[in-house]
$ cat structure_25.txt   # compact mmCIF, C-alpha atoms and all ligand atoms
# COMPACT_ATOMS: atom_id res chain seq x y z
CA MET A 1 15.17 -6.88 29.98
CA PRO A 2 15.25 -10.60 30.96
CA LYS A 3 18.01 -12.65 29.41
CA PRO A 4 16.78 -15.38 27.06
CA SER A 5 16.92 -18.77 28.82
CA LYS A 6 19.63 -21.05 27.53
CA TYR A 7 17.29 -24.00 28.16
CA HIS A 8 14.43 -24.55 25.78
CA LEU A 9 11.34 -25.72 27.69
CA ALA A 10 9.40 -28.06 25.42
CA PRO A 11 5.58 -27.72 25.63
CA PRO A 12 3.85 -30.76 27.17
CA PRO A 13 3.01 -33.42 24.55
CA ARG A 14 -0.56 -33.41 23.25
CA PRO A 15 -2.53 -36.40 21.97
CA ALA A 16 -3.48 -36.56 18.29
CA ALA A 17 -6.92 -35.20 17.35
CA THR A 18 -8.07 -38.78 16.64
CA ASP A 19 -6.63 -40.30 19.84
CA ARG A 20 -9.45 -42.44 21.26
CA HIS A 21 -8.82 -41.47 24.90
CA ALA A 22 -8.82 -37.76 24.09
CA LEU A 23 -12.04 -38.22 22.11
CA TYR A 24 -13.61 -40.19 24.97
CA GLU A 25 -12.85 -37.40 27.45
CA LYS A 26 -14.30 -34.79 25.12
CA ALA A 27 -17.46 -36.75 24.30
CA VAL A 28 -18.26 -38.37 27.64
CA GLN A 29 -16.71 -36.61 30.63
CA ASP A 30 -17.67 -33.42 32.42
CA PRO A 31 -15.29 -33.21 35.42
CA ASP A 32 -16.26 -29.67 36.50
CA PHE A 33 -19.90 -30.65 36.78
CA GLU A 34 -19.13 -33.84 38.71
CA ILE A 35 -16.71 -32.15 41.08
CA GLU A 36 -19.30 -29.48 41.84
CA LEU A 37 -21.82 -32.21 42.63
CA LEU A 38 -19.30 -33.97 44.88
CA GLU A 39 -18.45 -30.72 46.68
CA ARG A 40 -22.14 -30.26 47.44
CA CYS A 41 -22.35 -33.79 48.89
CA LEU A 42 -19.22 -33.25 51.01
CA LYS A 43 -20.53 -29.94 52.30
CA LYS A 44 -23.79 -31.61 53.28
CA ALA A 45 -21.82 -34.36 55.06
CA GLY A 46 -19.62 -31.75 56.80
CA ARG A 47 -16.41 -33.19 55.31
CA PRO A 48 -13.51 -31.19 53.88
CA ALA A 49 -13.00 -31.65 50.14
CA ARG A 50 -9.35 -32.71 50.16
CA ARG A 51 -8.42 -36.38 49.66
CA LEU A 52 -10.07 -37.96 46.62
CA ARG A 53 -9.87 -41.51 45.26
CA GLU A 54 -11.09 -41.85 41.68
CA ASP A 55 -11.99 -45.48 40.98
CA PHE A 56 -12.14 -46.86 37.41
CA SER A 57 -10.15 -43.73 36.64
CA GLY A 58 -9.28 -44.30 33.00
CA THR A 59 -7.01 -41.41 32.02
CA ALA A 60 -7.50 -39.65 35.40
CA LEU A 61 -9.17 -36.52 34.01
CA LEU A 62 -11.28 -36.11 37.13
CA SER A 63 -8.34 -36.52 39.50
CA ALA A 64 -6.36 -33.96 37.52
CA THR A 65 -9.23 -31.47 37.63
CA TRP A 66 -9.51 -32.09 41.38
CA VAL A 67 -5.84 -31.39 42.20
CA GLU A 68 -5.97 -28.27 40.05
CA GLY A 69 -8.68 -27.03 42.45
CA GLY A 70 -6.20 -26.05 45.18
CA PRO A 71 -2.90 -26.94 46.88
CA GLU A 72 -4.69 -28.82 49.71
CA ARG A 73 -6.27 -31.26 47.24
CA THR A 74 -4.77 -34.70 46.55
CA ALA A 75 -6.06 -37.51 44.33
CA VAL A 76 -5.36 -41.18 43.79
CA ALA A 77 -6.56 -42.53 40.45
CA VAL A 78 -7.13 -46.31 40.43
CA ASP A 79 -7.47 -48.45 37.31
CA HIS A 80 -6.43 -52.02 36.54
CA ASP A 81 -5.46 -51.27 32.96
CA PRO A 82 -1.83 -50.06 32.78
CA LYS A 83 -2.41 -48.52 29.32
CA VAL A 84 -4.75 -45.77 30.56
CA HIS A 85 -2.22 -44.64 33.17
CA ASP A 86 0.60 -44.79 30.61
CA TRP A 87 -1.52 -42.36 28.60
CA ALA A 88 -1.97 -40.16 31.69
CA ARG A 89 1.78 -40.19 32.39
CA LYS A 90 2.48 -39.14 28.82
CA TYR A 91 -0.16 -36.49 28.31
CA ARG A 92 -1.84 -35.54 31.61
CA LEU A 93 0.93 -35.22 34.19
CA PRO A 94 3.23 -32.97 32.14
CA ALA A 95 0.34 -30.61 31.40
CA LEU A 96 -0.47 -30.41 35.14
CA GLY A 97 2.88 -28.90 36.11
CA GLY A 98 3.47 -28.72 39.90
CA ALA A 99 -0.03 -30.04 40.71
CA ALA A 100 1.07 -33.41 39.27
CA SER A 101 2.92 -34.13 42.53
CA ARG A 102 -0.49 -34.35 44.25
CA LEU A 103 -1.88 -36.96 41.83
CA SER A 104 -0.93 -40.64 42.20
CA LEU A 105 -1.72 -43.24 39.56
CA VAL A 106 -2.28 -46.67 41.06
CA GLN A 107 -2.70 -49.78 38.93
CA ALA A 108 -5.02 -52.09 40.89
CA ASP A 109 -8.39 -53.75 40.92
CA VAL A 110 -10.69 -51.30 42.72
CA ARG A 111 -11.57 -54.10 45.17
CA HIS A 112 -7.96 -53.97 46.40
CA GLY A 113 -7.20 -50.29 45.88
CA PRO A 114 -5.39 -47.93 48.29
CA ARG A 115 -6.78 -47.76 51.82
CA GLY A 116 -6.87 -44.01 52.39
CA PRO A 117 -8.49 -42.57 54.43
CA PHE A 118 -10.20 -40.52 51.72
CA ASP A 119 -12.80 -37.78 52.08
CA ALA A 120 -14.47 -38.99 48.89
CA ILE A 121 -14.43 -41.84 46.38
CA LEU A 122 -15.86 -41.35 42.91
CA ALA A 123 -16.85 -44.18 40.58
CA LEU A 124 -18.36 -42.71 37.43
CA ASN A 125 -19.66 -43.59 34.03
CA PHE A 126 -21.35 -46.70 35.40
CA SER A 127 -18.04 -48.54 35.61
CA TYR A 128 -19.04 -50.63 38.65
CA GLN A 129 -21.43 -52.41 36.27
CA ALA A 130 -18.37 -54.44 35.24
CA PHE A 131 -19.20 -56.49 38.37
CA HIS A 132 -21.79 -59.06 37.37
CA THR A 133 -22.49 -60.62 40.75
CA ARG A 134 -23.81 -59.25 44.00
CA ALA A 135 -20.80 -60.76 45.78
CA ALA A 136 -18.32 -58.90 43.55
CA LEU A 137 -20.18 -55.59 43.72
CA GLY A 138 -20.61 -55.98 47.49
CA GLU A 139 -16.88 -56.66 47.88
CA TYR A 140 -16.12 -53.44 46.00
CA PHE A 141 -18.55 -51.39 48.09
CA SER A 142 -17.16 -52.85 51.37
CA HIS A 143 -13.63 -52.01 50.33
CA ALA A 144 -14.66 -48.47 49.37
CA LEU A 145 -16.43 -48.01 52.72
CA ARG A 146 -13.30 -49.03 54.65
CA ALA A 147 -11.16 -46.64 52.61
CA LEU A 148 -13.33 -43.62 53.51
CA ALA A 149 -12.75 -41.38 56.52
CA PRO A 150 -15.73 -41.13 58.92
CA GLY A 151 -18.21 -38.78 57.24
CA GLY A 152 -16.66 -39.49 53.82
CA VAL A 153 -18.79 -39.94 50.69
CA LEU A 154 -18.90 -42.44 47.81
CA LEU A 155 -20.47 -40.96 44.65
CA LEU A 156 -21.71 -43.21 41.83
CA ASP A 157 -23.85 -42.70 38.77
CA ILE A 158 -26.58 -44.98 37.48
CA TYR A 159 -28.97 -45.08 34.51
CA GLY A 160 -32.18 -46.87 33.65
CA GLY A 161 -35.63 -46.54 32.11
CA SER A 162 -37.67 -48.63 29.71
CA LEU A 163 -35.52 -47.64 26.70
CA ALA A 164 -32.36 -48.72 28.52
CA GLN A 165 -33.76 -52.27 28.47
CA GLN A 166 -33.95 -52.16 24.68
CA GLY A 167 -31.20 -51.60 22.17
CA MET A 168 -30.36 -47.98 21.42
CA VAL A 169 -27.82 -45.96 19.47
CA GLU A 170 -26.87 -42.38 20.29
CA ARG A 171 -24.90 -40.31 17.78
CA ARG A 172 -23.39 -36.93 18.63
CA ARG A 173 -20.95 -34.67 16.76
CA VAL A 174 -17.83 -33.91 18.79
CA GLY A 175 -16.11 -31.44 16.45
CA GLY A 176 -13.30 -31.91 13.95
CA GLY A 177 -15.66 -33.78 11.60
CA LEU A 178 -16.00 -36.64 14.11
CA THR A 179 -19.10 -38.29 15.53
CA TYR A 180 -19.40 -40.13 18.85
CA VAL A 181 -21.50 -43.30 18.59
CA TRP A 182 -22.79 -45.06 21.71
CA THR A 183 -24.42 -48.45 21.08
CA HIS A 184 -26.33 -50.17 23.86
CA TRP A 185 -27.50 -53.68 22.98
CA PRO A 186 -30.78 -55.01 24.47
CA VAL A 187 -30.50 -56.18 28.07
CA GLU A 188 -30.60 -59.95 28.52
CA PRO A 189 -33.60 -60.37 30.85
CA ILE A 190 -32.39 -63.27 33.02
CA THR A 191 -28.90 -61.98 33.91
CA HIS A 192 -29.30 -58.28 32.98
CA ARG A 193 -26.06 -58.63 31.02
CA VAL A 194 -25.63 -55.87 28.47
CA ARG A 195 -22.92 -55.05 25.96
CA CYS A 196 -22.13 -51.50 24.98
CA THR A 197 -19.62 -49.93 22.65
CA ILE A 198 -18.30 -46.46 21.99
CA HIS A 199 -16.71 -45.70 18.68
CA PHE A 200 -15.91 -42.58 16.69
CA GLU A 201 -16.63 -42.01 13.02
CA ARG A 202 -15.37 -39.62 10.41
CA SER A 203 -17.82 -38.23 7.89
CA TYR A 204 -19.55 -40.81 5.70
CA GLY A 205 -19.62 -43.30 8.62
CA ARG A 206 -15.92 -44.33 8.37
CA ARG A 207 -14.97 -45.72 11.79
CA LEU A 208 -11.79 -44.83 13.64
CA PRO A 209 -10.02 -47.90 15.00
CA GLY A 210 -10.11 -48.76 18.70
CA ALA A 211 -13.67 -48.87 19.96
CA PHE A 212 -14.33 -49.12 23.69
CA LEU A 213 -16.25 -52.28 24.66
CA TYR A 214 -18.17 -52.79 27.88
CA ASP A 215 -19.58 -56.06 29.18
CA TRP A 216 -21.86 -54.92 31.99
CA ARG A 217 -24.70 -55.97 34.21
CA LEU A 218 -27.44 -53.34 34.22
CA TRP A 219 -28.05 -52.94 37.95
CA THR A 220 -31.30 -51.37 39.09
CA LEU A 221 -31.29 -48.42 41.45
CA PRO A 222 -32.96 -50.25 44.37
CA GLU A 223 -30.50 -53.16 44.02
CA VAL A 224 -27.52 -50.81 44.24
CA ARG A 225 -28.99 -48.76 47.07
CA ASP A 226 -29.89 -51.87 49.10
CA LEU A 227 -26.40 -53.29 48.65
CA LEU A 228 -24.75 -50.01 49.71
CA GLU A 229 -26.85 -50.04 52.88
CA GLU A 230 -26.22 -53.73 53.47
CA VAL A 231 -22.42 -53.28 53.50
CA GLY A 232 -22.75 -50.41 55.98
CA PHE A 233 -23.12 -47.13 54.08
CA VAL A 234 -25.47 -44.60 55.69
CA ASP A 235 -27.55 -41.68 54.40
CA VAL A 236 -27.73 -43.15 50.88
CA ASP A 237 -29.13 -40.30 48.86
CA VAL A 238 -30.58 -40.49 45.33
CA LEU A 239 -29.75 -37.35 43.35
CA TRP A 240 -32.41 -37.18 40.65
CA ASP A 241 -32.54 -34.86 37.64
CA VAL A 242 -35.40 -32.50 38.47
CA GLU A 243 -35.42 -30.76 35.07
CA PRO A 244 -37.52 -31.98 32.13
CA PRO A 245 -35.72 -33.91 29.32
CA GLY A 246 -33.76 -31.64 26.98
CA VAL A 247 -33.00 -29.04 29.70
CA GLU A 248 -29.58 -28.73 31.42
CA PRO A 249 -29.78 -31.33 34.24
CA ARG A 250 -30.06 -30.31 37.89
CA TYR A 251 -29.65 -33.13 40.42
CA ARG A 252 -31.47 -32.91 43.73
CA SER A 253 -32.12 -35.37 46.54
CA ARG A 254 -35.41 -37.21 45.88
CA ARG A 255 -37.23 -40.21 47.35
CA HIS A 256 -39.39 -40.77 44.26
CA GLY A 257 -38.85 -40.11 40.56
CA LYS A 258 -41.02 -39.85 37.46
CA ASN A 259 -40.85 -42.82 35.08
CA GLN A 260 -39.08 -41.95 31.83
CA GLY A 261 -37.73 -43.70 28.74
CA THR A 262 -34.19 -43.11 29.98
CA TRP A 263 -32.88 -41.46 33.09
CA LEU A 264 -29.51 -40.84 34.73
CA ALA A 265 -29.09 -40.32 38.48
CA TYR A 266 -26.35 -40.25 41.12
CA LEU A 267 -26.10 -42.11 44.41
CA ALA A 268 -24.22 -40.48 47.28
CA ALA A 269 -23.48 -42.85 50.15
CA GLY A 270 -21.86 -41.86 53.46
CA ARG A 271 -19.62 -43.51 56.03
CA SER A 272 -20.78 -42.96 59.60
C1 LIG B 1 -15.87 -46.50 31.42
S1 LIG B 1 -14.13 -46.28 31.84
C2 LIG B 1 -14.30 -44.96 32.98
C3 LIG B 1 -13.38 -43.80 32.70
C4 LIG B 1 -13.65 -42.56 33.53
N1 LIG B 1 -13.47 -42.80 34.95
C5 LIG B 1 -15.03 -41.98 33.31
O1 LIG B 1 -15.70 -41.63 34.30
O2 LIG B 1 -15.46 -41.80 32.17
C6 LIG B 1 -13.93 -47.72 32.86
C7 LIG B 1 -12.51 -47.95 33.39
O3 LIG B 1 -12.61 -48.88 34.47
C8 LIG B 1 -11.50 -49.76 34.43
N2 LIG B 1 -11.88 -50.96 35.20
C9 LIG B 1 -12.85 -51.86 34.92
N3 LIG B 1 -12.95 -52.79 35.90
C10 LIG B 1 -12.02 -52.45 36.84
C11 LIG B 1 -11.65 -53.00 38.10
N4 LIG B 1 -12.25 -54.11 38.59
N5 LIG B 1 -10.66 -52.41 38.81
C12 LIG B 1 -10.05 -51.30 38.31
N6 LIG B 1 -10.36 -50.72 37.13
C13 LIG B 1 -11.34 -51.29 36.40
C14 LIG B 1 -11.22 -49.96 32.96
O4 LIG B 1 -9.88 -50.35 32.74
C15 LIG B 1 -11.54 -48.58 32.39
O5 LIG B 1 -10.39 -47.76 32.28
$ encode --input "structure_25.txt" --output "structure tokens"
Amino acid sequence: MPKPSKYHLAPPPRPAATDRHALYEKAVQDPDFEIELLERCLKKAGRPARRLREDFSGTALLSATWVEGGPERTAVAVDHDPKVHDWARKYRLPALGGAASRLSLVQADVRHGPRGPFDAILALNFSYQAFHTRAALGEYFSHALRALAPGGVLLLDIYGGSLAQQGMVERRRVGGGLTYVWTHWPVEPITHRVRCTIHFERSYGRRLPGAFLYDWRLWTLPEVRDLLEEVGFVDVDVLWDVEPPGVEPRYRSRRHGKNQGTWLAYLAAGRS
């Protein structure tokens, strides 16, 4: 019979049920789905799926899921906000155990992030829309290109559609009596500037404090694709949802899409 340990191992700390970062992850992120999509892109490009850079990482959920995928996998999570990485150090790294040694948290602007080389760079949840000018977005894409190994892939997401031009509010229950509320104000037609917020409500519409605010430019898909090609990316592929609205999405490479009120797609861009 094993002797009882004289050291008490404390369980890793867990965020409160109303912690806004924990709620964001639950309501918005789907790392398994996105990693599967990335693995497909890397396989197509003939690259190993090992060294990942997660740009605009927030709490580094994706990086953590990546390093949990195998001992050969490393990740660098890049965000300019020190608070999101403080959160990750407190709650994410302890829960990762030994795999935490393969995840680095880097506080930097993504335009000056670590050089790599990386097999893949991910920039999700439309975060590059924080760049309002072509020069700023182009600088980011150029930097990402240089940080990729030959054959490496940058994966981004993008949304659009006629309803995305107008104001819209999406409400979804996320369990524990809480509702996720996404508000998208109408797009300003001259600059394409758009403000969005995420907040969480208890029953009867009582808001939790600490909404997320985004001041974005709604970039169109051809603008983003042209800019990726202009800075030197090759094989820029549009992964379009081929299922009808309301059905579990399935993204496949397409050259043309059907017009819809709202749509979400991915762009996979390669380094030669
Ligand atoms: C919408 S969250 C994305 C969180 C997570 N990656 C996801 O996919 O849901 C955007 C994050 O990007 C960060 N961010 C915005 N502009 C940035 C920049 N220029 N450089 C680095 N991080 C930036 C913000 O601090 C924030 O944590």
$ closest_atom_pairs --input "structure_25.txt" --of "chain A" --to "ligand LIG 1 (chain B)" --cutoff "7 Å" --atoms "all atoms listed in the file" --output "Markdown table"
| residue | atom | partner | partner_atom | distance |
| --- | --- | --- | --- | --- |
| A:Glu25 | CA | B:LIG1 | O2 | 7.0 |
| A:Val28 | CA | B:LIG1 | O2 | 6.3 |
| A:Gln29 | CA | B:LIG1 | O2 | 5.6 |
| A:Asp55 | CA | B:LIG1 | C12 | 6.7 |
| A:Phe56 | CA | B:LIG1 | O3 | 3.6 |
| A:Ser57 | CA | B:LIG1 | N1 | 3.8 |
| A:Gly58 | CA | B:LIG1 | O5 | 3.7 |
| A:Thr59 | CA | B:LIG1 | C3 | 6.8 |
| A:Ala60 | CA | B:LIG1 | N1 | 6.8 |
| A:Val78 | CA | B:LIG1 | C12 | 6.2 |
| A:Asp79 | CA | B:LIG1 | N6 | 3.7 |
| A:His80 | CA | B:LIG1 | C12 | 4.1 |
| A:Asp81 | CA | B:LIG1 | O4 | 4.5 |
| A:Val84 | CA | B:LIG1 | O5 | 6.2 |
| A:Ala108 | CA | B:LIG1 | C12 | 5.7 |
| A:Asp109 | CA | B:LIG1 | N5 | 3.4 |
| A:Val110 | CA | B:LIG1 | N5 | 4.1 |
| A:Arg111 | CA | B:LIG1 | N4 | 6.6 |
| A:Ala123 | CA | B:LIG1 | N1 | 6.7 |
| A:Leu124 | CA | B:LIG1 | O1 | 4.2 |
| A:Asn125 | CA | B:LIG1 | O1 | 4.4 |
| A:Phe126 | CA | B:LIG1 | C1 | 6.8 |
| A:Ser127 | CA | B:LIG1 | C6 | 5.0 |
| A:Ala130 | CA | B:LIG1 | N3 | 5.7 |
$ write_last_selection --input "structure_25.txt" --atoms "C-alpha atoms" --output "short mmCIF file (atom, residue, chain, number, x, y, z; two decimals), keeping the file's coordinate frame"
data_model
loop_
_atom_site.label_atom_id
_atom_site.label_comp_id
_atom_site.auth_asym_id
_atom_site.auth_seq_id
_atom_site.Cartn_x
_atom_site.Cartn_y
_atom_site.Cartn_z
CA GLU A 25 -12.85 -37.40 27.45
CA VAL A 28 -18.26 -38.37 27.64
CA GLN A 29 -16.71 -36.61 30.63
CA ASP A 55 -11.99 -45.48 40.98
CA PHE A 56 -12.14 -46.86 37.41
CA SER A 57 -10.15 -43.73 36.64
CA GLY A 58 -9.28 -44.30 33.00
CA THR A 59 -7.01 -41.41 32.02
CA ALA A 60 -7.50 -39.65 35.40
CA VAL A 78 -7.13 -46.31 40.43
CA ASP A 79 -7.47 -48.45 37.31
CA HIS A 80 -6.43 -52.02 36.54
CA ASP A 81 -5.46 -51.27 32.96
CA VAL A 84 -4.75 -45.77 30.56
CA ALA A 108 -5.02 -52.09 40.89
CA ASP A 109 -8.39 -53.75 40.92
CA VAL A 110 -10.69 -51.30 42.72
CA ARG A 111 -11.57 -54.10 45.17
CA ALA A 123 -16.85 -44.18 40.58
CA LEU A 124 -18.36 -42.71 37.43
CA ASN A 125 -19.66 -43.59 34.03
CA PHE A 126 -21.35 -46.70 35.40
CA SER A 127 -18.04 -48.54 35.61
CA ALA A 130 -18.37 -54.44 35.24
#
$ atom_distance --input "structure_25.txt" --atom1 "CA of Pro48 in chain A" --atom2 "CA of Glu223 in chain A"
29.5 Å
$ residues_around --input "structure_25.txt" --residues "Thr133 in chain A" --least-positions-apart "3" --cutoff "10 Å" --atoms "all atoms listed in the file" --output "list in words"
Gln129, Ala130, Ala136, Leu137, Gly138, Glu139, Thr191, Arg217 and Trp219 of chain A
$ residues_around --input "structure_25.txt" --residues "Leu213 in chain A" --least-positions-apart "5" --cutoff "12 Å" --atoms "all atoms listed in the file" --output "count of residues only"
12
$ closest_residue --input "structure_25.txt" --among "A:Arg14, A:Leu38, A:Ser101, A:Arg206" --to "Glu72 in chain A" --atoms "all atoms listed in the file"
A:Ser101
$ atom_distance --input "structure_25.txt" --atom1 "CA of Ala120 in chain A" --atom2 "CA of Val238 in chain A"
16.6 Å
$ atom_distance --input "structure_25.txt" --atom1 "CA of Thr65 in chain A" --atom2 "CA of Trp87 in chain A"
16.1 Å
$ closest_residue --input "structure_25.txt" --among "A:Arg47, A:Pro13, A:Val224, A:Ile190" --to "Lys90 in chain A" --atoms "all atoms listed in the file"
A:Pro13
$ closest_residue --input "structure_25.txt" --among "A:Leu103, A:Leu96, A:Leu122, A:Val247" --to "Leu154 in chain A" --atoms "only C-alpha atoms"
A:Leu122
$ residues_around --input "structure_25.txt" --residues "Gly270 in chain A" --least-positions-apart "6" --cutoff "9 Å" --atoms "all atoms listed in the file" --output "ChimeraX atom specification"
/A:45,145,148,150-155,232-237
$ decode --input "structure_25.txt" --residues "range 211-234 of chain A" --atoms "N, CA and C atoms" --output "tab-separated table (two decimals), in the first residue's frame"
chain	number	residue	atom	x	y	z
A	211	ALA	N	-17.35	44.42	-19.76
A	211	ALA	CA	-17.61	44.02	-21.15
A	211	ALA	C	-16.31	44.09	-21.96
A	212	PHE	N	-16.28	43.35	-23.04
A	212	PHE	CA	-15.16	43.46	-23.99
A	212	PHE	C	-15.59	44.45	-25.08
A	213	LEU	N	-14.71	45.37	-25.43
A	213	LEU	CA	-15.03	46.38	-26.45
A	213	LEU	C	-14.06	46.23	-27.61
A	214	TYR	N	-14.57	46.32	-28.81
A	214	TYR	CA	-13.70	46.23	-29.99
A	214	TYR	C	-13.97	47.42	-30.90
A	215	ASP	N	-12.89	48.07	-31.32
A	215	ASP	CA	-12.97	49.17	-32.27
A	215	ASP	C	-12.26	48.67	-33.53
A	216	TRP	N	-13.05	48.23	-34.51
A	216	TRP	CA	-12.50	47.51	-35.65
A	216	TRP	C	-12.77	48.23	-36.96
A	217	ARG	N	-12.03	47.80	-37.97
A	217	ARG	CA	-12.39	48.12	-39.35
A	217	ARG	C	-12.90	46.82	-39.96
A	218	LEU	N	-14.10	46.85	-40.53
A	218	LEU	CA	-14.61	45.64	-41.18
A	218	LEU	C	-13.95	45.54	-42.55
A	219	TRP	N	-12.96	44.65	-42.65
A	219	TRP	CA	-12.25	44.45	-43.91
A	219	TRP	C	-13.05	43.48	-44.77
A	220	THR	N	-13.02	43.71	-46.09
A	220	THR	CA	-13.73	42.76	-46.97
A	220	THR	C	-12.76	41.64	-47.34
A	221	LEU	N	-13.33	40.53	-47.75
A	221	LEU	CA	-12.49	39.37	-48.07
A	221	LEU	C	-11.52	39.66	-49.22
A	222	PRO	N	-11.97	40.29	-50.33
A	222	PRO	CA	-10.99	40.55	-51.39
A	222	PRO	C	-9.88	41.51	-50.95
A	223	GLU	N	-10.21	42.47	-50.07
A	223	GLU	CA	-9.15	43.39	-49.59
A	223	GLU	C	-8.08	42.61	-48.83
A	224	VAL	N	-8.53	41.71	-47.96
A	224	VAL	CA	-7.57	40.96	-47.13
A	224	VAL	C	-6.78	40.00	-48.01
A	225	ARG	N	-7.46	39.33	-48.92
A	225	ARG	CA	-6.75	38.38	-49.78
A	225	ARG	C	-5.72	39.10	-50.65
A	226	ASP	N	-6.11	40.23	-51.23
A	226	ASP	CA	-5.17	40.99	-52.09
A	226	ASP	C	-3.95	41.43	-51.30
A	227	LEU	N	-4.18	41.88	-50.07
A	227	LEU	CA	-3.06	42.37	-49.27
A	227	LEU	C	-2.12	41.22	-48.88
A	228	LEU	N	-2.69	40.06	-48.57
A	228	LEU	CA	-1.85	38.89	-48.26
A	228	LEU	C	-0.96	38.57	-49.46
A	229	GLU	N	-1.56	38.60	-50.65
A	229	GLU	CA	-0.76	38.28	-51.85
A	229	GLU	C	0.27	39.37	-52.12
A	230	GLU	N	-0.14	40.60	-51.88
A	230	GLU	CA	0.77	41.72	-52.15
A	230	GLU	C	2.03	41.65	-51.28
A	231	VAL	N	1.90	41.21	-50.01
A	231	VAL	CA	3.10	41.17	-49.15
A	231	VAL	C	3.91	39.91	-49.41
A	232	GLY	N	3.39	38.97	-50.22
A	232	GLY	CA	4.21	37.83	-50.60
A	232	GLY	C	3.68	36.46	-50.23
A	233	PHE	N	2.48	36.39	-49.62
A	233	PHE	CA	1.92	35.06	-49.34
A	233	PHE	C	1.53	34.39	-50.66
A	234	VAL	N	1.56	33.05	-50.66
A	234	VAL	CA	1.18	32.31	-51.87
A	234	VAL	C	0.04	31.34	-51.51
